[in-house]
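Trainee: File follows, input21.tsv with TSV, C-alpha atoms:
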chain	number	residue	atom	x	y	z
A	1	MET	CA	203.01	-140.43	122.03
A	2	ARG	CA	203.78	-137.64	119.57
A	3	GLN	CA	200.08	-137.50	118.68
A	4	ALA	CA	199.14	-137.35	122.36
A	5	GLY	CA	201.71	-134.58	122.81
A	6	LEU	CA	200.35	-132.56	119.90
A	7	ILE	CA	196.87	-132.72	121.43
A	8	VAL	CA	198.27	-131.43	124.73
A	9	ALA	CA	200.12	-128.66	122.86
A	10	GLU	CA	196.88	-127.60	121.15
A	11	VAL	CA	195.03	-127.54	124.46
A	12	LEU	CA	197.71	-125.37	126.09
A	13	GLU	CA	197.60	-122.92	123.20
A	14	ARG	CA	193.81	-122.64	123.50
A	15	LEU	CA	194.16	-122.10	127.25
A	16	ARG	CA	196.60	-119.24	126.62
A	17	GLN	CA	193.93	-117.61	124.49
A	18	LYS	CA	191.15	-118.26	127.01
A	19	VAL	CA	192.72	-117.17	130.29
A	20	GLN	CA	191.57	-113.70	131.36
A	21	PRO	CA	189.97	-112.03	134.37
A	22	GLY	CA	186.47	-113.36	135.04
A	23	VAL	CA	186.95	-116.82	133.54
A	24	THR	CA	186.33	-119.70	135.93
A	25	THR	CA	188.67	-122.65	136.21
A	26	ARG	CA	185.64	-124.90	135.59
A	27	GLU	CA	185.16	-123.22	132.19
A	28	LEU	CA	188.79	-123.95	131.38
A	29	ASN	CA	188.31	-127.58	132.38
A	30	ASN	CA	185.25	-127.93	130.17
A	31	MET	CA	187.16	-126.55	127.19
A	32	VAL	CA	190.00	-129.00	127.81
A	33	GLU	CA	187.59	-131.95	127.84
A	34	GLU	CA	185.95	-130.80	124.61
A	35	ILE	CA	189.22	-130.41	122.68
A	36	ILE	CA	190.67	-133.71	123.86
A	37	SER	CA	187.47	-135.57	123.00
A	38	LYS	CA	187.28	-134.01	119.52
A	39	ARG	CA	190.81	-135.24	118.81
A	40	GLY	CA	189.85	-138.83	119.58
A	41	ALA	CA	191.73	-138.94	122.88
A	42	THR	CA	190.79	-139.14	126.55
A	43	PRO	CA	191.87	-136.89	129.43
A	44	SER	CA	194.72	-138.57	131.31
A	45	PHE	CA	193.84	-136.94	134.62
A	46	LEU	CA	190.09	-137.61	134.81
A	47	HIS	CA	189.49	-140.25	137.52
A	48	TYR	CA	193.25	-140.92	137.79
A	49	ARG	CA	193.61	-142.14	141.39
A	50	GLY	CA	190.22	-140.51	141.97
A	51	TYR	CA	191.05	-137.05	140.60
A	52	PRO	CA	187.71	-135.44	139.64
A	53	ALA	CA	188.66	-133.30	136.62
A	54	SER	CA	190.53	-133.25	133.31
A	55	LEU	CA	192.65	-130.18	134.10
A	56	CYS	CA	194.77	-129.19	137.08
A	57	ALA	CA	194.27	-125.44	137.60
A	58	SER	CA	196.42	-124.09	140.44
A	59	VAL	CA	196.13	-120.39	141.32
A	60	ASN	CA	198.79	-118.23	143.01
A	61	GLU	CA	200.06	-120.12	146.10
A	62	GLU	CA	198.64	-123.40	144.76
A	63	VAL	CA	201.56	-125.40	143.40
A	64	VAL	CA	199.85	-128.28	141.57
A	65	HIS	CA	196.66	-130.38	141.46
A	66	GLY	CA	194.22	-127.51	141.92
A	67	ILE	CA	190.69	-128.81	141.22
A	68	PRO	CA	188.70	-126.70	138.72
A	69	SER	CA	185.69	-124.93	140.26
A	70	GLN	CA	183.50	-121.86	139.94
A	71	ARG	CA	186.41	-119.74	141.14
A	72	LYS	CA	186.89	-116.74	138.85
A	73	LEU	CA	190.38	-115.71	137.89
A	74	LYS	CA	191.24	-112.16	138.90
A	75	GLU	CA	193.51	-109.48	137.47
A	76	GLY	CA	197.00	-110.07	138.86
A	77	ASP	CA	196.56	-113.81	139.51
A	78	ILE	CA	198.80	-116.46	138.04
A	79	VAL	CA	197.39	-119.88	137.15
A	80	SER	CA	199.30	-123.09	136.51
A	81	LEU	CA	197.49	-125.28	133.98
A	82	ASP	CA	198.55	-128.93	133.78
A	83	VAL	CA	197.10	-131.10	130.99
A	84	GLY	CA	197.40	-134.77	130.06
A	85	ALA	CA	195.92	-136.59	127.06
A	86	CYS	CA	195.89	-140.30	126.25
A	87	TYR	CA	195.84	-141.23	122.56
A	88	GLN	CA	195.61	-144.89	121.52
A	89	GLY	CA	196.93	-145.99	124.90
A	90	TYR	CA	199.83	-143.54	125.30
A	91	HIS	CA	200.07	-140.32	127.27
A	92	GLY	CA	201.36	-136.77	126.81
A	93	ASP	CA	201.73	-134.38	129.76
A	94	ALA	CA	202.64	-130.69	129.92
A	95	SER	CA	202.03	-127.59	132.01
A	96	GLN	CA	202.35	-123.82	131.82
A	97	THR	CA	201.85	-120.96	134.26
A	98	LEU	CA	200.03	-117.96	132.85
A	99	ALA	CA	199.51	-114.38	133.97
A	100	VAL	CA	195.91	-113.24	134.37
A	101	GLY	CA	196.00	-109.70	133.02
A	102	GLN	CA	198.83	-107.60	134.43
A	103	ILE	CA	201.02	-109.12	137.14
A	104	SER	CA	203.83	-107.66	139.21
A	105	PRO	CA	207.38	-107.61	137.84
A	106	GLU	CA	208.44	-109.89	140.71
A	107	THR	CA	205.88	-112.52	139.74
A	108	GLN	CA	206.71	-112.17	136.04
A	109	ARG	CA	210.34	-112.89	136.92
A	110	LEU	CA	209.27	-116.07	138.76
A	111	LEU	CA	207.48	-117.31	135.64
A	112	ARG	CA	210.48	-116.51	133.46
A	113	VAL	CA	212.98	-118.24	135.73
A	114	THR	CA	210.80	-121.35	136.04
A	115	SER	CA	210.37	-121.57	132.26
A	116	GLU	CA	214.12	-121.13	131.82
A	117	ALA	CA	214.76	-123.89	134.38
A	118	LEU	CA	212.57	-126.27	132.38
A	119	HIS	CA	214.47	-125.59	129.18
A	120	LEU	CA	217.83	-125.94	130.91
A	121	GLY	CA	216.66	-129.30	132.22
A	122	LEU	CA	215.55	-130.32	128.74
A	123	THR	CA	219.01	-129.60	127.33
A	124	GLU	CA	220.40	-132.30	129.64
A	125	VAL	CA	218.11	-134.99	128.19
A	126	ARG	CA	220.54	-136.86	125.97
A	127	VAL	CA	222.06	-140.30	125.75
A	128	GLY	CA	224.88	-140.82	128.24
A	129	ASN	CA	223.70	-138.25	130.76
A	130	HIS	CA	221.94	-139.19	133.99
A	131	VAL	CA	218.71	-138.08	135.62
A	132	GLY	CA	220.84	-136.16	138.12
A	133	ASP	CA	222.14	-133.91	135.33
A	134	ILE	CA	218.58	-132.75	134.67
A	135	SER	CA	217.96	-132.21	138.38
A	136	ALA	CA	221.14	-130.20	138.91
A	137	ALA	CA	220.50	-127.91	135.93
A	138	ILE	CA	217.05	-127.04	137.26
A	139	GLN	CA	218.11	-126.52	140.87
A	140	ASN	CA	221.16	-124.41	140.05
A	141	HIS	CA	219.18	-121.99	137.92
A	142	VAL	CA	216.27	-121.68	140.35
A	143	GLU	CA	218.35	-121.17	143.46
A	144	ALA	CA	220.71	-118.73	141.73
A	145	ALA	CA	217.62	-116.58	141.15
A	146	GLY	CA	216.72	-116.68	144.85
A	147	TYR	CA	213.80	-119.10	144.60
A	148	SER	CA	213.27	-122.66	145.87
A	149	VAL	CA	212.30	-125.91	144.17
A	150	VAL	CA	209.56	-128.10	145.61
A	151	ARG	CA	211.23	-131.27	146.88
A	152	VAL	CA	208.32	-133.58	147.66
A	153	LEU	CA	207.09	-133.62	144.04
A	154	CYS	CA	209.06	-134.52	140.92
A	155	GLY	CA	209.05	-135.28	137.21
A	156	HIS	CA	208.63	-138.81	135.93
A	157	GLY	CA	208.81	-141.29	133.13
A	158	ILE	CA	205.69	-141.52	130.98
A	159	GLY	CA	204.30	-143.89	128.36
A	160	ALA	CA	201.45	-146.38	128.53
A	161	SER	CA	201.02	-145.16	132.13
A	162	MET	CA	200.87	-141.56	133.28
A	163	HIS	CA	203.61	-142.02	135.84
A	164	GLU	CA	206.47	-144.45	135.22
A	165	ASP	CA	210.06	-144.79	136.36
A	166	PRO	CA	212.36	-143.00	136.67
A	167	GLU	CA	211.48	-140.25	139.11
A	168	ILE	CA	213.11	-136.94	138.16
A	169	PRO	CA	213.72	-134.66	141.16
A	170	ASN	CA	214.16	-130.95	140.58
A	171	TYR	CA	217.18	-130.91	142.90
A	172	ALA	CA	220.48	-132.79	142.86
A	173	THR	CA	221.16	-135.76	145.15
A	174	LYS	CA	224.33	-137.72	145.90
A	175	GLN	CA	223.25	-140.38	143.40
A	176	LYS	CA	223.40	-139.55	139.70
A	177	GLY	CA	220.27	-141.59	139.04
A	178	PRO	CA	219.56	-143.78	136.00
A	179	ARG	CA	221.54	-143.31	132.81
A	180	LEU	CA	219.54	-141.83	129.95
A	181	GLU	CA	219.07	-144.10	126.94
A	182	GLU	CA	217.30	-144.05	123.56
A	183	GLY	CA	213.63	-144.92	123.87
A	184	MET	CA	213.11	-143.20	127.21
A	185	VAL	CA	210.28	-140.67	127.43
A	186	LEU	CA	210.35	-138.25	130.36
A	187	ALA	CA	208.08	-135.57	131.79
A	188	ILE	CA	210.32	-132.80	133.11
A	189	GLU	CA	208.49	-130.36	135.40
A	190	PRO	CA	210.12	-127.81	137.69
A	191	MET	CA	207.80	-126.52	140.42
A	192	VAL	CA	209.27	-123.32	141.83
A	193	ASN	CA	208.22	-121.26	144.85
A	194	MET	CA	208.97	-117.59	145.30
A	195	GLY	CA	209.44	-118.32	149.00
A	196	LYS	CA	210.48	-121.46	150.86
A	197	SER	CA	210.21	-124.98	149.44
A	198	ARG	CA	207.84	-126.46	152.03
A	199	VAL	CA	204.31	-127.33	150.85
A	200	PHE	CA	201.23	-129.10	152.20
A	201	THR	CA	198.06	-130.65	150.76
A	202	LYS	CA	194.70	-129.01	151.44
A	203	GLU	CA	191.65	-130.77	152.86
A	204	ASP	CA	190.39	-131.67	149.37
A	205	GLN	CA	193.25	-134.25	149.36
A	206	TRP	CA	194.60	-132.89	146.07
A	207	THR	CA	195.56	-129.22	146.02
A	208	VAL	CA	199.19	-128.68	147.01
A	209	VAL	CA	199.97	-125.18	148.33
A	210	THR	CA	203.05	-123.36	149.60
A	211	ALA	CA	203.37	-123.43	153.37
A	212	ASP	CA	204.38	-119.77	153.55
A	213	GLY	CA	201.68	-118.54	151.15
A	214	SER	CA	204.16	-117.45	148.47
A	215	VAL	CA	203.22	-117.80	144.82
A	216	SER	CA	204.42	-120.80	142.81
A	217	ALA	CA	205.01	-121.56	139.12
A	218	HIS	CA	205.02	-124.86	137.21
A	219	PHE	CA	206.20	-125.60	133.67
A	220	GLU	CA	206.41	-129.06	132.05
A	221	HIS	CA	207.10	-130.82	128.76
A	222	THR	CA	207.18	-134.46	127.68
A	223	ILE	CA	210.45	-135.26	125.89
A	224	ALA	CA	211.60	-138.43	124.09
A	225	ILE	CA	215.15	-139.62	123.47
A	226	THR	CA	215.08	-140.82	119.85
A	227	PRO	CA	217.79	-141.99	117.42
A	228	GLU	CA	217.68	-138.45	115.97
A	229	GLY	CA	218.19	-136.94	119.42
A	230	PRO	CA	215.81	-135.48	122.05
A	231	GLN	CA	212.36	-134.42	120.81
A	232	ILE	CA	209.86	-132.36	122.79
A	233	LEU	CA	206.58	-134.19	122.15
A	234	THR	CA	204.29	-131.59	123.72
A	235	MET	CA	205.37	-128.71	121.50
A	236	ALA	CA	203.48	-127.88	118.32
Before anything else, please render the file you have as structure tokens.
Mentor:
Amino acid sequence: MRQAGLIVAEVLERLRQKVQPGVTTRELNNMVEEIISKRGATPSFLHYRGYPASLCASVNEEVVHGIPSQRKLKEGDIVSLDVGACYQGYHGDASQTLAVGQISPETQRLLRVTSEALHLGLTEVRVGNHVGDISAAIQNHVEAAGYSVVRVLCGHGIGASMHEDPEIPNYATKQKGPRLEEGMVLAIEPMVNMGKSRVFTKEDQWTVVTADGSVSAHFEHTIAITPEGPQILTMA
């Protein structure tokens, strides 16, 4: 899984270099496929439950699962890029939201708060804690900043399958959830809206967008609980 994670980390770094006004999300998808293939892996997302691409590219009010197309990114957009790679039967999964050129200070703050929420959630991934500790850390930070977490989508376990138990909500519930133990590998992924939390799925059956049209950010890492402590697998 560390090898799968390193491939994902490489892809995300290349995407950071590639994203600029005028680039299409289809071009980004093609680059993702090329890098993953050259590293001897396969795209985790391609044909997963019928998904038609190797990259999720979600622009502005699109929260997740945006299908790459001939759409050109514009100055002032933000784009959430979610990547999965499968290496020798095991998956890595990570996401980042990038500015396209110059963006407003308000939108830049959304990206910063969402990234911070991810890292606060990651600090709770340790033996003896519960899934609910991760959820609470994310929710508290996001809502203190005046934003909302998406409630109908969540993080997840990951391994030989893309999505495994346990589910990892980005908000606290009355139940603490499963206890965290060595050997668990989790994909933590806050999805944060500048406006309200409600979302809906577009007619393409994949793209999830904010109901109020506000912009949304998404950051994710895959993290393992090892005997040496937590390790982020999707970081170079």
Trainee: How many Å separate atom CA of Arg16 of chain A from atom CA of Gly101 of chain A?
Mentor: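 It comes out at 11.5 Å.
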Trainee: So how many Å separate atom CA of Ala53 of chain A and atom CA of Thr114 of chain A, to one decimal?
Mentor: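 According to the coordinates, atom CA of Ala53 of chain A and atom CA of Thr114 of chain A are separated by 25.2 Å.
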Trainee: Neighbours of segment 221-231 of chain A within 6 Å (all atoms listed in the file; same-chain residues fewer than 2 positions away dropped), as an MDAnalysis selection string?
Mentor: chainID A and resid 93:94 182:188 233:234
Trainee: Segment 135-150 of chain A, all listed atoms, 5 Å padding on each side: what axis-aligned box centre and edge lengths in Å to one decimal come out, as lines of an AutoDock Vina configuration file?
Mentor:
center_x = 215.4
center_y = -124.4
center_z = 140.9
size_x = 21.6
size_y = 25.6
size_z = 19.9
Trainee: Choose the residue, out of A:Gln20, A:Ser44, A:Asn170, A:Ser80, that has the smallest atom-to-atom separation from Gln102 of chain A; count all atoms listed in the file.
Mentor: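 Checking each of A:Gln20, A:Ser44, A:Asn170, A:Ser80 against Gln102 of chain A, counting all atoms listed in the file, the winner is A:Gln20.
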Trainee: Which residue is closest to Arg112 of chain A? Choose from A:Ala217, A:Ile78, A:Ala57, A:Ala85 and count only C-alpha atoms.
Mentor: A:Ala217
Trainee: Write out as a list in words the residues lying within 10 Å of segment 198-205 of chain A, counting all atoms listed in the file and excluding same-chain residues fewer than 3 positions away.
Mentor: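 Neighbouring residues, sequence-local ones excluded: Tyr51, Glu61, Glu62, Val63, Val64, His65, Gly66, Ile67, Ser148, Val149, Val150, Arg151, Val152, Leu153, Asn193, Gly195, Val208, Val209, Thr210, Ala211, Asp212 and Gly213 of chain A.
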Trainee: Could you please determine the separation between atom CA of Lys72 of chain A and atom CA of Val100 of chain A in Å, to one decimal place?
Mentor: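 That distance, rounded to one decimal, is 10.7 Å.
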